$ cat upload_23.txt   # compact mmCIF, C-alpha atoms and all ligand atoms
# COMPACT_ATOMS: atom_id res chain seq x y z
CA MET A 1 0.00 0.00 0.00
CA ARG A 2 2.82 2.31 0.96
CA ARG A 3 4.55 1.87 -2.39
CA ILE A 4 1.32 2.47 -4.24
CA SER A 5 0.72 5.68 -2.38
CA ILE A 6 4.25 6.87 -3.16
CA ALA A 7 3.58 6.26 -6.85
CA LEU A 8 0.27 8.08 -6.62
CA ILE A 9 1.68 11.00 -4.71
CA THR A 10 4.50 11.33 -7.20
CA LEU A 11 2.14 11.36 -10.13
CA ALA A 12 -0.07 13.84 -8.32
CA LEU A 13 2.94 16.07 -7.71
CA MET A 14 4.03 15.73 -11.31
CA VAL A 15 0.67 16.97 -12.51
CA SER A 16 -0.16 19.55 -9.84
CA PHE A 17 2.82 21.86 -9.51
CA ALA A 18 2.98 23.94 -12.62
CA PRO A 19 3.66 27.48 -13.50
CA PHE A 20 0.58 29.47 -14.37
CA GLN A 21 -1.85 27.57 -16.45
CA THR A 22 -5.39 28.08 -17.51
CA VAL A 23 -8.24 25.88 -16.44
CA ARG A 24 -9.41 23.46 -19.11
CA LYS A 25 -12.85 24.99 -19.39
CA THR A 26 -11.32 28.01 -21.11
CA HIS A 27 -10.25 25.77 -23.97
CA ALA A 28 -9.08 28.52 -26.27
CA LEU A 29 -6.39 29.57 -23.81
CA VAL A 30 -4.98 26.10 -23.20
CA LYS A 31 -2.04 25.37 -25.40
CA ALA A 32 0.32 22.51 -26.03
CA GLU A 33 3.14 24.59 -24.60
CA ASP A 34 1.55 24.31 -21.16
CA ASP A 35 2.09 20.57 -21.34
CA PHE A 36 5.25 19.87 -23.32
CA GLN A 37 8.00 21.47 -25.33
CA LEU A 38 8.87 20.21 -28.80
CA VAL A 39 12.61 19.91 -29.34
CA LYS A 40 14.03 19.15 -32.78
CA VAL A 41 16.67 16.46 -32.30
CA ALA A 42 17.46 15.73 -35.97
CA GLU A 43 15.76 16.29 -39.31
CA GLY A 44 12.18 15.09 -38.79
CA VAL A 45 12.96 13.76 -35.29
CA TYR A 46 11.33 15.56 -32.36
CA ALA A 47 11.27 15.07 -28.62
CA ALA A 48 8.20 16.28 -26.73
CA ILE A 49 9.59 17.13 -23.31
CA ALA A 50 6.96 17.13 -20.57
CA LYS A 51 6.54 20.30 -18.52
CA PRO A 52 6.12 20.05 -14.75
CA GLY A 53 2.48 20.21 -13.76
CA GLY A 54 1.16 19.82 -17.30
CA LEU A 55 -0.97 17.03 -18.72
CA ALA A 56 1.89 15.21 -20.48
CA SER A 57 3.82 14.12 -17.37
CA GLY A 58 6.23 11.81 -19.28
CA ASN A 59 8.18 12.66 -22.42
CA ALA A 60 7.06 11.50 -25.85
CA GLY A 61 8.27 12.23 -29.36
CA PHE A 62 7.79 11.52 -33.03
CA VAL A 63 9.64 10.89 -36.25
CA ALA A 64 8.46 11.83 -39.72
CA GLY A 65 9.52 9.43 -42.46
CA ASP A 66 8.78 10.28 -46.05
CA HIS A 67 5.35 8.76 -46.04
CA GLY A 68 4.22 8.62 -42.48
CA VAL A 69 4.88 9.52 -38.87
CA LEU A 70 5.80 7.29 -35.93
CA ILE A 71 4.83 8.49 -32.43
CA VAL A 72 6.75 7.25 -29.41
CA ASP A 73 4.59 7.24 -26.26
CA THR A 74 1.22 8.84 -25.72
CA PHE A 75 1.75 10.92 -22.56
CA PHE A 76 -0.41 10.81 -19.45
CA THR A 77 -3.71 12.08 -20.85
CA PRO A 78 -5.70 12.02 -24.11
CA ILE A 79 -5.68 15.84 -24.21
CA ALA A 80 -1.89 15.98 -24.25
CA VAL A 81 -1.57 13.52 -27.13
CA GLU A 82 -4.25 15.40 -29.07
CA GLU A 83 -2.10 18.50 -28.63
CA LEU A 84 0.90 16.54 -29.90
CA ILE A 85 -1.02 15.36 -32.97
CA SER A 86 -2.02 18.93 -33.65
CA GLU A 87 1.63 20.07 -33.40
CA ILE A 88 2.69 17.25 -35.74
CA GLY A 89 0.08 18.48 -38.23
CA LYS A 90 1.74 21.90 -38.24
CA LEU A 91 5.11 20.36 -39.16
CA THR A 92 4.19 17.68 -41.68
CA PRO A 93 1.16 16.72 -43.76
CA GLN A 94 2.06 13.03 -43.42
CA PRO A 95 -0.35 10.70 -41.64
CA ILE A 96 0.46 9.02 -38.34
CA ARG A 97 1.20 5.40 -39.24
CA TYR A 98 2.51 3.86 -36.03
CA ALA A 99 2.68 4.47 -32.30
CA VAL A 100 4.96 2.80 -29.77
CA ASN A 101 4.48 2.45 -26.02
CA THR A 102 7.92 2.24 -24.42
CA HIS A 103 6.33 0.62 -21.32
CA TYR A 104 2.99 0.42 -19.53
CA HIS A 105 3.25 3.27 -16.98
CA LEU A 106 0.34 5.65 -17.38
CA ASP A 107 2.51 8.71 -18.02
CA HIS A 108 3.52 7.01 -21.31
CA THR A 109 0.28 5.29 -22.32
CA GLY A 110 -2.55 7.49 -20.99
CA GLY A 111 -3.36 8.84 -24.46
CA ASN A 112 -3.51 5.44 -26.20
CA GLN A 113 -7.25 5.72 -26.80
CA VAL A 114 -6.68 8.68 -29.13
CA LEU A 115 -4.38 6.65 -31.41
CA ALA A 116 -6.61 3.57 -31.20
CA ALA A 117 -9.61 5.65 -32.29
CA ARG A 118 -7.64 6.78 -35.35
CA GLY A 119 -6.82 3.18 -36.23
CA VAL A 120 -3.10 3.68 -35.62
CA PRO A 121 -1.37 0.42 -34.61
CA ILE A 122 0.18 0.70 -31.12
CA ILE A 123 3.28 -1.44 -30.71
CA ALA A 124 4.70 -2.49 -27.34
CA HIS A 125 6.24 -5.29 -25.31
CA ASP A 126 3.96 -8.29 -24.61
CA ASN A 127 3.88 -7.32 -20.94
CA VAL A 128 2.30 -3.94 -21.70
CA ALA A 129 -0.78 -5.77 -22.96
CA LYS A 130 -0.80 -7.66 -19.65
CA TRP A 131 -0.25 -4.67 -17.36
CA GLN A 132 -1.78 -1.69 -19.16
CA THR A 133 -5.30 -2.18 -17.84
CA THR A 134 -4.36 -3.87 -14.57
CA LYS A 135 -1.19 -2.58 -12.89
CA ASN A 136 -1.84 0.92 -14.20
CA ARG A 137 -4.83 1.28 -11.92
CA ARG A 138 -2.47 2.26 -9.13
CA PHE A 139 -1.71 5.45 -11.10
CA LEU A 140 -5.34 6.23 -11.87
CA PRO A 141 -7.82 6.73 -9.03
CA ALA A 142 -11.38 5.48 -9.64
CA PRO A 143 -13.76 8.03 -11.24
CA GLU A 144 -15.76 8.40 -8.00
CA GLU A 145 -12.58 9.26 -6.14
CA LEU A 146 -11.55 11.76 -8.83
CA GLN A 147 -15.05 13.33 -8.74
CA LYS A 148 -14.77 13.69 -4.99
CA ARG A 149 -11.42 15.44 -5.33
CA ARG A 150 -12.81 17.60 -8.10
CA ALA A 151 -15.70 18.77 -5.92
CA GLU A 152 -13.30 19.61 -3.11
CA VAL A 153 -10.95 21.59 -5.37
CA ALA A 154 -13.92 23.38 -7.00
CA ARG A 155 -15.15 24.35 -3.52
CA GLN A 156 -11.71 25.72 -2.58
CA LEU A 157 -11.56 27.66 -5.84
CA ALA A 158 -15.00 29.16 -5.23
CA GLU A 159 -13.90 30.28 -1.76
CA THR A 160 -10.71 31.92 -3.04
CA PRO A 161 -11.21 35.62 -3.75
CA ALA A 162 -10.20 37.22 -7.03
CA ASP A 163 -7.36 39.17 -5.38
CA GLN A 164 -5.48 35.88 -4.85
CA PRO A 165 -4.82 35.00 -8.48
CA ASP A 166 -1.86 32.68 -7.73
CA LYS A 167 -3.92 30.53 -5.43
CA ARG A 168 -6.82 30.50 -7.87
CA ALA A 169 -4.49 29.49 -10.70
CA GLN A 170 -3.22 26.58 -8.62
CA PHE A 171 -6.74 25.28 -8.02
CA GLU A 172 -7.58 25.80 -11.68
CA ARG A 173 -4.55 23.72 -12.67
CA GLN A 174 -5.68 20.97 -10.34
CA LEU A 175 -9.15 21.00 -11.86
CA ARG A 176 -7.67 20.83 -15.34
CA SER A 177 -5.58 17.82 -14.32
CA ILE A 178 -8.49 16.00 -12.67
CA ASP A 179 -10.74 16.66 -15.68
CA ALA A 180 -8.06 15.27 -17.99
CA ARG A 181 -7.66 12.16 -15.86
CA LEU A 182 -11.41 11.58 -15.88
CA THR A 183 -11.22 11.14 -19.67
CA ILE A 184 -8.60 8.34 -19.58
CA LYS A 185 -9.76 4.92 -20.78
CA LEU A 186 -6.90 2.48 -20.26
CA THR A 187 -6.27 1.16 -23.78
CA ASN A 188 -4.02 -1.74 -24.78
CA PRO A 189 -1.43 -1.80 -27.53
CA ASN A 190 -2.44 -4.10 -30.39
CA VAL A 191 0.93 -5.28 -31.74
CA THR A 192 3.33 -6.78 -29.19
CA PHE A 193 6.63 -8.64 -29.02
CA SER A 194 9.01 -9.71 -26.27
CA SER A 195 12.32 -10.63 -27.89
CA GLY A 196 14.46 -9.84 -30.90
CA THR A 197 13.82 -6.70 -32.93
CA VAL A 198 10.99 -5.22 -34.96
CA HIS A 199 11.80 -3.15 -38.04
CA LEU A 200 9.38 -0.49 -39.18
CA TYR A 201 9.72 1.22 -42.53
CA LEU A 202 8.36 4.62 -43.39
CA GLY A 203 9.73 5.27 -46.85
CA LYS A 204 13.43 6.01 -46.79
CA ARG A 205 13.51 6.04 -43.04
CA ASP A 206 13.43 2.94 -40.88
CA PHE A 207 13.24 2.18 -37.20
CA ILE A 208 14.55 -0.61 -35.04
CA LEU A 209 12.50 -1.52 -31.99
CA PHE A 210 14.12 -3.68 -29.33
CA THR A 211 13.63 -4.59 -25.72
CA LEU A 212 15.94 -4.54 -22.71
CA PRO A 213 15.30 -5.46 -19.07
CA GLY A 214 15.65 -3.20 -16.04
CA HIS A 215 12.92 -0.61 -15.68
CA THR A 216 9.72 -2.71 -15.80
CA GLY A 217 10.54 -5.96 -17.58
CA GLY A 218 8.37 -4.75 -20.46
CA ASP A 219 10.30 -1.88 -22.05
CA VAL A 220 10.80 -1.16 -25.75
CA LEU A 221 13.38 1.28 -27.13
CA VAL A 222 13.30 2.82 -30.60
CA TYR A 223 16.45 3.47 -32.61
CA VAL A 224 16.41 5.74 -35.65
CA PRO A 225 19.58 4.68 -37.54
CA ASP A 226 19.83 7.46 -40.12
CA ALA A 227 19.54 10.13 -37.41
CA ASN A 228 21.43 8.17 -34.72
CA VAL A 229 18.73 8.85 -32.13
CA VAL A 230 17.54 6.47 -29.41
CA PHE A 231 14.13 6.90 -27.80
CA MET A 232 14.87 5.45 -24.37
CA GLY A 233 11.46 5.62 -22.73
CA ASP A 234 12.02 5.22 -19.00
CA MET A 235 15.09 3.06 -19.57
CA GLY A 236 16.78 6.48 -19.56
CA TRP A 237 16.30 9.38 -17.13
CA SER A 238 18.23 12.57 -17.73
CA LYS A 239 19.27 14.47 -14.58
CA THR A 240 16.22 12.96 -12.90
CA LEU A 241 15.90 10.36 -10.14
CA PRO A 242 14.05 7.32 -11.52
CA ASN A 243 10.94 5.48 -10.48
CA LEU A 244 12.13 2.02 -9.40
CA VAL A 245 8.74 0.66 -8.41
CA ASP A 246 8.91 -2.12 -11.06
CA ALA A 247 12.67 -2.09 -11.56
CA THR A 248 15.43 -4.66 -11.42
CA VAL A 249 18.47 -2.44 -11.00
CA ASN A 250 20.96 -5.26 -11.56
CA ASP A 251 19.56 -5.89 -15.05
CA TRP A 252 19.12 -2.19 -15.70
CA ILE A 253 22.83 -1.41 -15.21
CA THR A 254 23.76 -4.18 -17.66
CA SER A 255 21.23 -2.83 -20.17
CA LEU A 256 22.61 0.71 -19.89
CA ASP A 257 26.15 -0.59 -20.39
CA LYS A 258 24.99 -2.28 -23.57
CA ILE A 259 23.24 0.86 -24.81
CA LEU A 260 26.32 3.00 -24.10
CA ALA A 261 28.52 0.49 -25.92
CA ASP A 262 26.17 0.16 -28.92
CA TYR A 263 25.28 3.86 -29.33
CA PRO A 264 28.22 5.90 -27.98
CA THR A 265 27.55 8.93 -30.17
CA ALA A 266 23.75 8.87 -30.30
CA LYS A 267 21.34 11.47 -29.03
CA PHE A 268 19.02 10.05 -26.41
CA ILE A 269 15.42 11.05 -25.80
CA PRO A 270 14.79 10.03 -22.19
CA GLY A 271 11.44 9.25 -20.57
CA HIS A 272 12.00 12.14 -18.15
CA GLY A 273 14.35 15.10 -18.37
CA GLU A 274 15.89 16.88 -21.33
CA VAL A 275 17.30 15.44 -24.56
CA ALA A 276 20.63 13.85 -23.64
CA THR A 277 23.92 12.45 -24.87
CA ALA A 278 25.91 9.48 -23.61
CA VAL A 279 27.22 11.76 -20.83
CA GLU A 280 23.84 12.08 -19.11
CA MET A 281 22.97 8.43 -19.75
CA ARG A 282 26.26 7.43 -18.14
CA ASP A 283 25.49 9.70 -15.16
CA PHE A 284 22.19 7.92 -14.80
CA ARG A 285 23.88 4.53 -15.00
CA ASP A 286 26.35 5.70 -12.36
CA TYR A 287 23.46 6.79 -10.13
CA LEU A 288 22.12 3.23 -10.22
CA VAL A 289 25.59 1.78 -9.55
CA ASP A 290 26.06 4.18 -6.59
CA LEU A 291 22.62 3.35 -5.24
CA ARG A 292 23.30 -0.37 -5.40
CA ALA A 293 26.68 0.05 -3.70
CA ARG A 294 25.32 2.30 -0.93
CA VAL A 295 22.43 -0.02 -0.14
CA LYS A 296 24.62 -3.13 -0.32
CA GLN A 297 26.95 -1.53 2.23
CA GLY A 298 23.98 -0.52 4.39
CA ILE A 299 22.74 -4.11 4.43
CA ALA A 300 26.26 -5.36 5.27
CA ASP A 301 26.31 -2.84 8.15
CA GLY A 302 23.08 -4.35 9.47
CA LEU A 303 20.75 -1.45 8.70
CA THR A 304 17.02 -2.16 8.65
CA ILE A 305 15.09 -0.87 5.68
CA ASP A 306 13.88 2.18 7.64
CA GLN A 307 17.38 2.94 8.91
CA ALA A 308 18.71 2.61 5.37
CA LYS A 309 16.12 5.09 4.12
CA GLN A 310 17.04 7.58 6.84
CA GLN A 311 20.81 7.16 6.82
CA LEU A 312 21.75 6.53 3.20
CA ILE A 313 21.75 10.12 2.06
CA LEU A 314 21.74 10.97 -1.64
CA PRO A 315 25.31 11.83 -2.77
CA GLU A 316 25.88 15.52 -3.45
CA LYS A 317 26.26 15.06 -7.20
CA TYR A 318 22.65 13.88 -7.54
CA LYS A 319 21.07 16.61 -5.42
CA SER A 320 20.40 18.75 -8.47
CA PHE A 321 18.42 15.97 -10.17
CA ALA A 322 14.66 16.36 -10.60
CA PHE A 323 12.21 14.16 -8.67
CA GLN A 324 14.14 14.30 -5.37
CA ASN A 325 11.07 12.73 -3.77
CA PHE A 326 12.20 9.43 -5.33
CA ALA A 327 15.44 9.37 -3.28
CA GLN A 328 14.02 7.42 -0.32
CA PRO A 329 11.74 5.11 -2.32
CA ASN A 330 14.81 4.29 -4.47
CA VAL A 331 16.68 3.11 -1.36
CA GLU A 332 13.65 1.05 -0.31
CA ASP A 333 13.28 -0.58 -3.73
CA MET A 334 17.01 -1.29 -3.97
CA TYR A 335 17.06 -2.76 -0.48
CA LYS A 336 14.21 -5.13 -1.32
CA GLU A 337 15.80 -6.11 -4.62
CA LEU A 338 19.08 -6.98 -2.92
CA LYS A 339 17.26 -8.88 -0.16
CA GLY A 340 15.11 -10.74 -2.69
CA THR A 341 11.91 -9.48 -1.07
CA LYS A 342 10.69 -7.13 -3.81
CA GLN A 343 7.14 -7.81 -4.95
CA MET A 344 7.10 -7.47 -8.71
CA ASN A 345 3.37 -7.80 -9.28
ZN ZN A 401 7.66 7.78 -17.02
$ encode --input "upload_23.txt" --output "structure tokens"
Amino acid sequence: MRRISIALITLALMVSFAPFQTVRKTHALVKAEDDFQLVKVAEGVYAAIAKPGGLASGNAGFVAGDHGVLIVDTFFTPIAVEELISEIGKLTPQPIRYAVNTHYHLDHTGGNQVLAARGVPIIAHDNVAKWQTTKNRRFLPAPEELQKRRAEVARQLAETPADQPDKRAQFERQLRSIDARLTIKLTNPNVTFSSGTVHLYLGKRDFILFTLPGHTGGDVLVYVPDANVVFMGDMGWSKTLPNLVDATVNDWITSLDKILADYPTAKFIPGHGEVATAVEMRDFRDYLVDLRARVKQGIADGLTIDQAKQQLILPEKYKSFAFQNFAQPNVEDMYKELKGTKQMN
């Protein structure tokens, strides 16, 4: 229960603390730039970097071939992916041909229904089809619960006078987020695989999809050879502490070593954080190695899990990373992994 509430709180934090935003009911004023920033990584290759507090929550991206577009990840909410589709339409007249889910977590699959409704095939690891509509429920409160929260926030907004615009804006952002979550219908991918590679061709451009263990046991990465870009999904976090709730850190370190060896000069689009190079991916790998070493030592010193969480302080070099609230849960998850007591389902 504790771990579930950490995940929920984190998601809630990710979607509630934003700079000024406009409530969803004033549709005309809500723009994609409230939710993500498009970054051109190479010709026709774009990262959509999630903004704190917006409706995207995780990064996504897309690649235009010469007769179609591939989307990687569908953000946290249908609204955010609709905004992405609208931005794609401004950059290319080509149709969206494929979508990929890098893993099942809701901040990367919450907009699936929008692609499914357009008849776009959604490709993912076999395990996404297993977990998308089951394990994801921990990230999505039931509608009744969301309605209850909505009523409470609406009441607080109504009681906040007009001369407190900052406070009102905060409540309006929360309403916007709750309204967006109420529209999510957990939707499965419809093309899945669990080993080897999948090649997709969009005219002159092609893509290599492959899977590596570590983050959830159901992650797919997308390599764009001609542009030398890797969409990491949450196998890569750039200057951001990771969510280890489903992770096997031992495997993850090996996977990152392989990626760094195979793509030393690539640009990396991470699941969270800014577009990166091998430098940031190596920093992230080193964070996992440090975490494993610290917790291993803590266990050898006889620390209990609670003592480990209190005493194993985050090294200085990671204190500037985003998502500092993951520091203690990371110790807990690592401790359980090393002890063999981690519940993976
Ligand atoms: Zn994520």
$ residues_around --input "upload_23.txt" --residues "stretch 273-283 of chain A" --least-positions-apart "2" --cutoff "10 Å" --atoms "all atoms listed in the file" --output "VMD selection string"
chain A and resid 37 39 to 41 46 to 51 58 to 59 229 to 232 235 to 241 253 256 to 257 259 to 261 263 to 271 285 to 289 317 to 318 321 to 323
$ residues_near_ligand --input "upload_23.txt" --ligand "ligand ZN 401 (chain A)" --cutoff "9 Å" --atoms "all atoms listed in the file" --output "MDAnalysis selection string"
chainID A and resid 57:59 75:76 103 105:108 233:234 237 242:243 271:272
$ atom_distance --input "upload_23.txt" --atom1 "atom CA of A:Ile299" --atom2 "atom CA of A:Leu212"
28.0 Å
$ residues_around --input "upload_23.txt" --residues "A:Thr254" --least-positions-apart "5" --cutoff "9 Å" --atoms "all atoms listed in the file" --output "PyMOL selection string"
chain A and resi 213-214+249+259
$ residues_around --input "upload_23.txt" --residues "A:Gln310" --least-positions-apart "4" --cutoff "10 Å" --atoms "only C-alpha atoms" --output "PyMOL selection string"
chain A and resi 303-306+328+331
$ atom_distance --input "upload_23.txt" --atom1 "atom CA of A:Ala293" --atom2 "atom CA of A:Lys342"
17.5 Å
$ atom_distance --input "upload_23.txt" --atom1 "atom CA of A:Leu182" --atom2 "atom CA of A:Glu145"
10.1 Å
$ closest_residue --input "upload_23.txt" --among "A:Lys185, A:Arg173, A:Arg155, A:Lys167" --to "A:Leu140" --atoms "only C-alpha atoms"
A:Lys185
$ closest_residue --input "upload_23.txt" --among "A:Pro143, A:Gly218, A:Pro189, A:Pro315" --to "A:Thr74" --atoms "only C-alpha atoms"
A:Pro189
$ residues_around --input "upload_23.txt" --residues "A:Val81" --least-positions-apart "4" --cutoff "9 Å" --atoms "only C-alpha atoms" --output "list in words"
Ala56, Ala60, Asp73, Thr74, Phe75, Phe76, Thr77, Ile85, Ser86, Gly110, Gly111, Asn112, Val114 and Leu115 of chain A
$ closest_residue --input "upload_23.txt" --among "A:Arg97, A:Arg294, A:Lys130, A:Lys339" --to "A:Ala116" --atoms "only C-alpha atoms"
A:Arg97
$ closest_residue --input "upload_23.txt" --among "A:Val224, A:Leu291, A:Val69, A:Arg168" --to "A:Gly89" --atoms "all atoms listed in the file"
A:Val69
$ residues_around --input "upload_23.txt" --residues "A:Tyr98" --least-positions-apart "5" --cutoff "6 Å" --atoms "all atoms listed in the file" --output "JSON, numbers by chain"
{"A": [70, 120, 121]}
$ decode --input "upload_23.txt" --residues "stretch 244-307 of chain A" --atoms "C-alpha atoms" --output "PDB file, in the first residue's frame"
ATOM      1  CA  LEU A 244      12.130   2.018  -9.405  1.00  0.00           C
ATOM      2  CA  VAL A 245       8.743   0.661  -8.415  1.00  0.00           C
ATOM      3  CA  ASP A 246       8.910  -2.116 -11.062  1.00  0.00           C
ATOM      4  CA  ALA A 247      12.670  -2.090 -11.557  1.00  0.00           C
ATOM      5  CA  THR A 248      15.425  -4.662 -11.416  1.00  0.00           C
ATOM      6  CA  VAL A 249      18.468  -2.441 -11.000  1.00  0.00           C
ATOM      7  CA  ASN A 250      20.962  -5.259 -11.560  1.00  0.00           C
ATOM      8  CA  ASP A 251      19.561  -5.886 -15.055  1.00  0.00           C
ATOM      9  CA  TRP A 252      19.124  -2.191 -15.702  1.00  0.00           C
ATOM     10  CA  ILE A 253      22.832  -1.410 -15.211  1.00  0.00           C
ATOM     11  CA  THR A 254      23.756  -4.179 -17.660  1.00  0.00           C
ATOM     12  CA  SER A 255      21.230  -2.825 -20.173  1.00  0.00           C
ATOM     13  CA  LEU A 256      22.614   0.708 -19.891  1.00  0.00           C
ATOM     14  CA  ASP A 257      26.151  -0.591 -20.387  1.00  0.00           C
ATOM     15  CA  LYS A 258      24.987  -2.284 -23.571  1.00  0.00           C
ATOM     16  CA  ILE A 259      23.243   0.862 -24.814  1.00  0.00           C
ATOM     17  CA  LEU A 260      26.316   2.999 -24.095  1.00  0.00           C
ATOM     18  CA  ALA A 261      28.523   0.493 -25.917  1.00  0.00           C
ATOM     19  CA  ASP A 262      26.173   0.164 -28.915  1.00  0.00           C
ATOM     20  CA  TYR A 263      25.278   3.863 -29.330  1.00  0.00           C
ATOM     21  CA  PRO A 264      28.215   5.897 -27.975  1.00  0.00           C
ATOM     22  CA  THR A 265      27.549   8.929 -30.173  1.00  0.00           C
ATOM     23  CA  ALA A 266      23.747   8.866 -30.297  1.00  0.00           C
ATOM     24  CA  LYS A 267      21.344  11.467 -29.033  1.00  0.00           C
ATOM     25  CA  PHE A 268      19.024  10.051 -26.410  1.00  0.00           C
ATOM     26  CA  ILE A 269      15.422  11.052 -25.798  1.00  0.00           C
ATOM     27  CA  PRO A 270      14.787  10.027 -22.188  1.00  0.00           C
ATOM     28  CA  GLY A 271      11.441   9.254 -20.572  1.00  0.00           C
ATOM     29  CA  HIS A 272      11.997  12.141 -18.155  1.00  0.00           C
ATOM     30  CA  GLY A 273      14.354  15.102 -18.371  1.00  0.00           C
ATOM     31  CA  GLU A 274      15.892  16.876 -21.330  1.00  0.00           C
ATOM     32  CA  VAL A 275      17.305  15.436 -24.561  1.00  0.00           C
ATOM     33  CA  ALA A 276      20.628  13.845 -23.642  1.00  0.00           C
ATOM     34  CA  THR A 277      23.917  12.452 -24.875  1.00  0.00           C
ATOM     35  CA  ALA A 278      25.906   9.476 -23.612  1.00  0.00           C
ATOM     36  CA  VAL A 279      27.219  11.756 -20.829  1.00  0.00           C
ATOM     37  CA  GLU A 280      23.840  12.080 -19.111  1.00  0.00           C
ATOM     38  CA  MET A 281      22.971   8.427 -19.754  1.00  0.00           C
ATOM     39  CA  ARG A 282      26.261   7.435 -18.142  1.00  0.00           C
ATOM     40  CA  ASP A 283      25.489   9.704 -15.156  1.00  0.00           C
ATOM     41  CA  PHE A 284      22.193   7.923 -14.802  1.00  0.00           C
ATOM     42  CA  ARG A 285      23.881   4.526 -15.005  1.00  0.00           C
ATOM     43  CA  ASP A 286      26.352   5.701 -12.360  1.00  0.00           C
ATOM     44  CA  TYR A 287      23.462   6.786 -10.126  1.00  0.00           C
ATOM     45  CA  LEU A 288      22.119   3.225 -10.222  1.00  0.00           C
ATOM     46  CA  VAL A 289      25.594   1.776  -9.555  1.00  0.00           C
ATOM     47  CA  ASP A 290      26.055   4.177  -6.595  1.00  0.00           C
ATOM     48  CA  LEU A 291      22.620   3.353  -5.237  1.00  0.00           C
ATOM     49  CA  ARG A 292      23.301  -0.370  -5.402  1.00  0.00           C
ATOM     50  CA  ALA A 293      26.685   0.048  -3.698  1.00  0.00           C
ATOM     51  CA  ARG A 294      25.317   2.296  -0.928  1.00  0.00           C
ATOM     52  CA  VAL A 295      22.430  -0.018  -0.137  1.00  0.00           C
ATOM     53  CA  LYS A 296      24.618  -3.128  -0.316  1.00  0.00           C
ATOM     54  CA  GLN A 297      26.951  -1.530   2.226  1.00  0.00           C
ATOM     55  CA  GLY A 298      23.978  -0.521   4.394  1.00  0.00           C
ATOM     56  CA  ILE A 299      22.738  -4.107   4.427  1.00  0.00           C
ATOM     57  CA  ALA A 300      26.257  -5.359   5.271  1.00  0.00           C
ATOM     58  CA  ASP A 301      26.308  -2.840   8.155  1.00  0.00           C
ATOM     59  CA  GLY A 302      23.084  -4.352   9.471  1.00  0.00           C
ATOM     60  CA  LEU A 303      20.750  -1.447   8.704  1.00  0.00           C
ATOM     61  CA  THR A 304      17.021  -2.158   8.645  1.00  0.00           C
ATOM     62  CA  ILE A 305      15.085  -0.872   5.677  1.00  0.00           C
ATOM     63  CA  ASP A 306      13.875   2.175   7.637  1.00  0.00           C
ATOM     64  CA  GLN A 307      17.377   2.941   8.908  1.00  0.00           C
TER      65      GLN A 307
END
